[in-house]
Amino acid sequence: MSHYFSLARLTVGLSARARSLLPLCTRGLSSGVVSRSGRGDPQVGPQQRWSSRPRVWSSQRPCLGLSRQSYYSTQEAEKEPEEEPLHIIIKDTESVQGSSSTHEFQAETKKLLDIVARSLYSEKEVFIRELISNGSDALEKLRHKLITAGGETAPMEIHLQTDASKGTFTIQDTGVGMNHEELVANLGTIARSGSKAFLDALQSQAEASSTIIGQFGVGFYSAFMVADRVDVYSQSAEPGVPGYKWSSDGSGVFEITEASGVQQGTKIVLHLKDDCKEFCSEDRVKDVVTKYSNFVSFPIFLNGRRLNTLQALWMMEPKEISDWQHEEFYRYVAQAYDKPRYTLHYRADAPLNIRSIFYVPETKPSMFDVSREMGSSVALYCRKVLIQTKATDILPKWLRFLRGVVDSEDIPLNLSRELLQESALIRKLRDVLQQRVIRFLLDQSKKEPEKYSKFFEDYGLFMREGIVTTQEQDVKEDIAKLLRFESSALPAGQQTNLMEYGTRMKAGTRNIYYLCAPNRHLAEHSPYFEAMKQKDMEVLFCYEQFDELTLLHLREFDKKKLISVETDIVVDHYKEEKFEDSKPASERLTQDQADDLMAWMKNSLGPRVTNIKLTPRLDTHPAMITVLEMGAARHFLRTQQLARSTEERAQILQPTLEINAGHELIKKLHLLKDTNSELAGLLLEQIYDNAMIAAGLNDDPRPMISRLTDLLTRALEKH
């Protein structure tokens, strides 16, 4: 099963039978016949042939409902390639000569061999990855040698062979090979790497050293996880050097014998343990190769059939890659059927060596994608060899919507090359990639604002999460550049950002004001927005559920404080800011009448309010509730679920009820409290509840239904 298949794909309802077809569909079957055994396993029919050329999906055999034109390949083909004969070089031509010499492993062999073979790797299948990487290194050394010496380039290939009848797995390369001394040195000492020594010798020759994979010297010994005995046949590329057979059962000793009939390069035969015979299966080995080594530079053949047909696009020059190639590669790495909305091909040599491609899916993220449990969807490679299918440490959690690949030679791996060693270098890599993605998205927002607006509508939740979960203020502000809001200074539907807001601020202003509401109509008709009109300040309208929490965590942007208009009203009270009433004194309650009314209201509402005061900042609203840090209070009540009753809420909130002495309801209430106290009580309760709803502090308005019915009945008594 392809390692890229995500949980969301697996839950679509594919049957086990259909899922078993996927590797065949996505890995380049030619037009051969595929039959199926009674157990439901795919079997290759006798007419099938595998080309050594890059393959595409056969348009004559679409699978899983995909269109006839669907295929995964990064190399375009005008027509279906012709069938080719099997390409096999693995043959039993070797024969030993003379007596063997017995050697003991060095470096506390038995103990180290036990660790490598039984404890170092989490999955047995990785031995295939390690042996292929060793073969790739041998080929790279030969290529460098031929180029340096000016010789002719020989065929450079890696061949795998499975034999169920013999219970063996064989891998052979046509690389540089080893002589007697190199066999003793490289295979006789655990944790001694021939590749590492080769790199040390090259030193500054970066072109060759960048393609050498193995540097730990333990990969070969992973073969003993699955094998009772390992035989190695090697013929050095040096002229006049005989071939040799190296053999060991992993018990602490190995034998070396001169052999004839050995082809140039190295051939490794693993005699598999009884519980590891699964690696005699062609399908099992093919899955492992496609998972880990699909992008190795040299051709890999399994039983004569070419496996690795995809190009490692992230290693190519961006200008050399077409949109078509990006689309096909995206579908491969994301296991998706849409197109990428955005493509970022990022290459850097300083401060770190990075080769990466990131894609933003065209499809809106699902609930599974939004969940923080989903983790990363970016694969980590080191010199085109897969290290992790989901690299959780390479990107911050909030960028999990990205699909793609990161390849870096500077990644500090542990000995098994399966896990990252947390280090300052990893944190540096994470920061570099995060900043590059942010800068890319910011550039896209300027180039195509409408397209970015749609992207933010679909993926804005991830940016909000990034601000809430990030600790560093400078990173929070970088992410905040990607946020979009409507504004009181702009027409409905037109979005702005925090940077543009700053350019419109009046001289001497140091605050960015915002108001959270479900939509623009409610925002513009909010008592808090009305109270801000006298200050003549631009207000950002925040419609999404998590906007308020996001801005509370952001706190400031470009040295400007982010302040909710609700909080600003309270702050103005503390600063004793003076505002003029919108109505003349003749149309308002006198100060004595207002004091009398507020005393009655305080007595009627009891502990539900901490204070009642007059406000000159309201015009069309009779009252509003003010709380210091309203947004934080709302979030606290919403998440903690501590307040059950109105009185309990009031005890936490310490709310102030501010009334508009010029509003008709307030003036009528002053009259009714003396002439019809029962109706006045109902009216006061409704005014209070209305203010709580407008403040977003009343999550359940249903208890007021009976009161509203009573008020409506009384209003219609004279009609």
# chains A, B, ... in the order shown; residues from 1 in each chain; ligands from 1
>>> closest_atom_pairs(of="stretch 451-517 of chain A", to="stretch 532-556 of chain A", cutoff="8 Å", atoms="only C-alpha atoms", output="CSV")
residue,atom,partner,partner_atom,distance
A:Leu461,CA,A:Phe546,CA,7.8
A:Arg464,CA,A:Thr550,CA,5.6
A:Glu465,CA,A:Thr550,CA,7.5
A:Ile467,CA,A:Thr550,CA,6.3
A:Val468,CA,A:His553,CA,5.7
A:Gln473,CA,A:Leu554,CA,7.5
A:Lys476,CA,A:Leu554,CA,6.4
A:Glu477,CA,A:Leu554,CA,7.1
A:Ala480,CA,A:Leu554,CA,7.9
A:Phe485,CA,A:Phe541,CA,6.1
A:Glu486,CA,A:Phe541,CA,5.3
A:Ser487,CA,A:Leu540,CA,4.4
A:Ser488,CA,A:Val539,CA,5.4
A:Ala489,CA,A:Glu538,CA,5.8
A:Met505,CA,A:Glu538,CA,7.9
A:Ile512,CA,A:Val539,CA,7.6
A:Tyr513,CA,A:Val539,CA,5.0
A:Tyr514,CA,A:Leu540,CA,4.4
A:Leu515,CA,A:Phe541,CA,5.2
A:Cys516,CA,A:Cys542,CA,4.6
A:Ala517,CA,A:Tyr543,CA,5.3
>>> write_last_selection(atoms="N, CA, C and O atoms", output="short mmCIF file (atom, residue, chain, number, x, y, z; two decimals), in the first residue's frame")
data_model
loop_
_atom_site.label_atom_id
_atom_site.label_comp_id
_atom_site.auth_asym_id
_atom_site.auth_seq_id
_atom_site.Cartn_x
_atom_site.Cartn_y
_atom_site.Cartn_z
N LEU A 461 -8.61 29.14 8.87
CA LEU A 461 -8.58 28.56 10.22
C LEU A 461 -7.17 28.14 10.61
O LEU A 461 -6.78 28.27 11.78
N ARG A 464 -5.19 31.19 11.75
CA ARG A 464 -5.62 31.59 13.10
C ARG A 464 -5.00 30.65 14.14
O ARG A 464 -4.55 31.09 15.21
N GLU A 465 -4.99 29.37 13.82
CA GLU A 465 -4.38 28.41 14.74
C GLU A 465 -2.89 28.70 14.91
O GLU A 465 -2.35 28.59 16.03
N ILE A 467 -1.35 31.53 14.86
CA ILE A 467 -1.15 32.66 15.76
C ILE A 467 -1.41 32.26 17.20
O ILE A 467 -0.68 32.64 18.12
N VAL A 468 -2.43 31.45 17.43
CA VAL A 468 -2.79 31.04 18.80
C VAL A 468 -1.73 30.12 19.39
O VAL A 468 -1.41 30.21 20.57
N GLN A 473 6.39 36.26 19.35
CA GLN A 473 5.55 37.37 18.88
C GLN A 473 5.86 37.76 17.45
O GLN A 473 4.95 38.08 16.67
N LYS A 476 4.11 35.35 15.22
CA LYS A 476 2.67 35.65 15.26
C LYS A 476 2.34 36.79 14.29
O LYS A 476 1.37 36.71 13.53
N GLU A 477 3.14 37.83 14.32
CA GLU A 477 2.87 38.99 13.47
C GLU A 477 3.10 38.67 11.99
O GLU A 477 2.41 39.21 11.13
N ALA A 480 0.09 36.91 10.98
CA ALA A 480 -1.04 37.85 10.98
C ALA A 480 -1.13 38.66 9.69
O ALA A 480 -2.21 39.17 9.35
N PHE A 485 -9.90 40.78 6.77
CA PHE A 485 -11.12 41.23 7.45
C PHE A 485 -11.85 42.22 6.56
O PHE A 485 -11.25 42.86 5.69
N GLU A 486 -13.13 42.38 6.84
CA GLU A 486 -13.86 43.53 6.30
C GLU A 486 -13.65 44.70 7.25
O GLU A 486 -13.23 44.53 8.39
N SER A 487 -13.95 45.90 6.77
CA SER A 487 -13.68 47.10 7.55
C SER A 487 -14.83 48.08 7.43
O SER A 487 -15.51 48.15 6.39
N SER A 488 -15.02 48.86 8.50
CA SER A 488 -16.06 49.89 8.47
C SER A 488 -15.73 50.99 7.47
O SER A 488 -16.62 51.74 7.05
N ALA A 489 -14.46 51.09 7.07
CA ALA A 489 -14.05 52.13 6.14
C ALA A 489 -14.15 51.70 4.69
O ALA A 489 -13.91 52.51 3.79
N MET A 505 -4.45 54.82 9.28
CA MET A 505 -4.62 55.34 10.65
C MET A 505 -4.32 56.82 10.71
O MET A 505 -3.44 57.32 10.02
N ILE A 512 -5.34 49.53 16.93
CA ILE A 512 -6.13 48.93 15.85
C ILE A 512 -7.41 48.39 16.49
O ILE A 512 -7.35 47.55 17.39
N TYR A 513 -8.57 48.88 16.04
CA TYR A 513 -9.84 48.51 16.66
C TYR A 513 -10.53 47.43 15.85
O TYR A 513 -10.50 47.44 14.61
N TYR A 514 -11.17 46.50 16.56
CA TYR A 514 -11.92 45.44 15.89
C TYR A 514 -13.19 45.13 16.66
O TYR A 514 -13.30 45.42 17.86
N LEU A 515 -14.13 44.55 15.96
CA LEU A 515 -15.41 44.16 16.55
C LEU A 515 -15.80 42.80 16.00
O LEU A 515 -15.82 42.59 14.78
N CYS A 516 -16.09 41.88 16.88
CA CYS A 516 -16.50 40.53 16.48
C CYS A 516 -18.02 40.43 16.43
O CYS A 516 -18.71 40.78 17.40
N ALA A 517 -18.52 39.97 15.29
CA ALA A 517 -19.95 39.80 15.10
C ALA A 517 -20.17 38.73 14.03
O ALA A 517 -19.28 38.50 13.19
#
>>> residues_around(residues="A:Thr257", least_positions_apart="4", cutoff="8 Å", atoms="only C-alpha atoms", output="list in words")
Val96, Gln97, Gly98, Ser99, Ser100, Ser101, Tyr244, Lys245 and Trp246 of chain A
>>> closest_residue(among="A:Gln686, A:Ser377, A:Gln263, A:Thr656", to="A:Ile90", atoms="only C-alpha atoms")
A:Gln263
>>> closest_residue(among="A:Asn186, A:Gln264, A:Thr174, A:Thr343", to="A:Ile300", atoms="only C-alpha atoms")
A:Thr174
>>> atom_distance(atom1="atom CA of A:Ser445", atom2="atom CA of A:Thr496")
10.9 Å
>>> atom_distance(atom1="atom CA of A:Ser122", atom2="atom CA of A:Gly135")
21.9 Å
>>> residues_around(residues="stretch 355-357 of chain A", least_positions_apart="5", cutoff="9 Å", atoms="only C-alpha atoms", output="JSON, numbers by chain")
{"A": [313, 314, 315, 316, 343, 344, 345, 346, 347, 348, 349, 403, 404, 405, 406, 407, 408]}
>>> closest_residue(among="A:Glu566, A:Asp338, A:Asp287, A:Asp173", to="A:Ile89", atoms="only C-alpha atoms")
A:Asp173
>>> closest_residue(among="A:Ser133, A:Phe368, A:Glu258, A:Tyr688", to="A:Tyr292", atoms="only C-alpha atoms")
A:Ser133
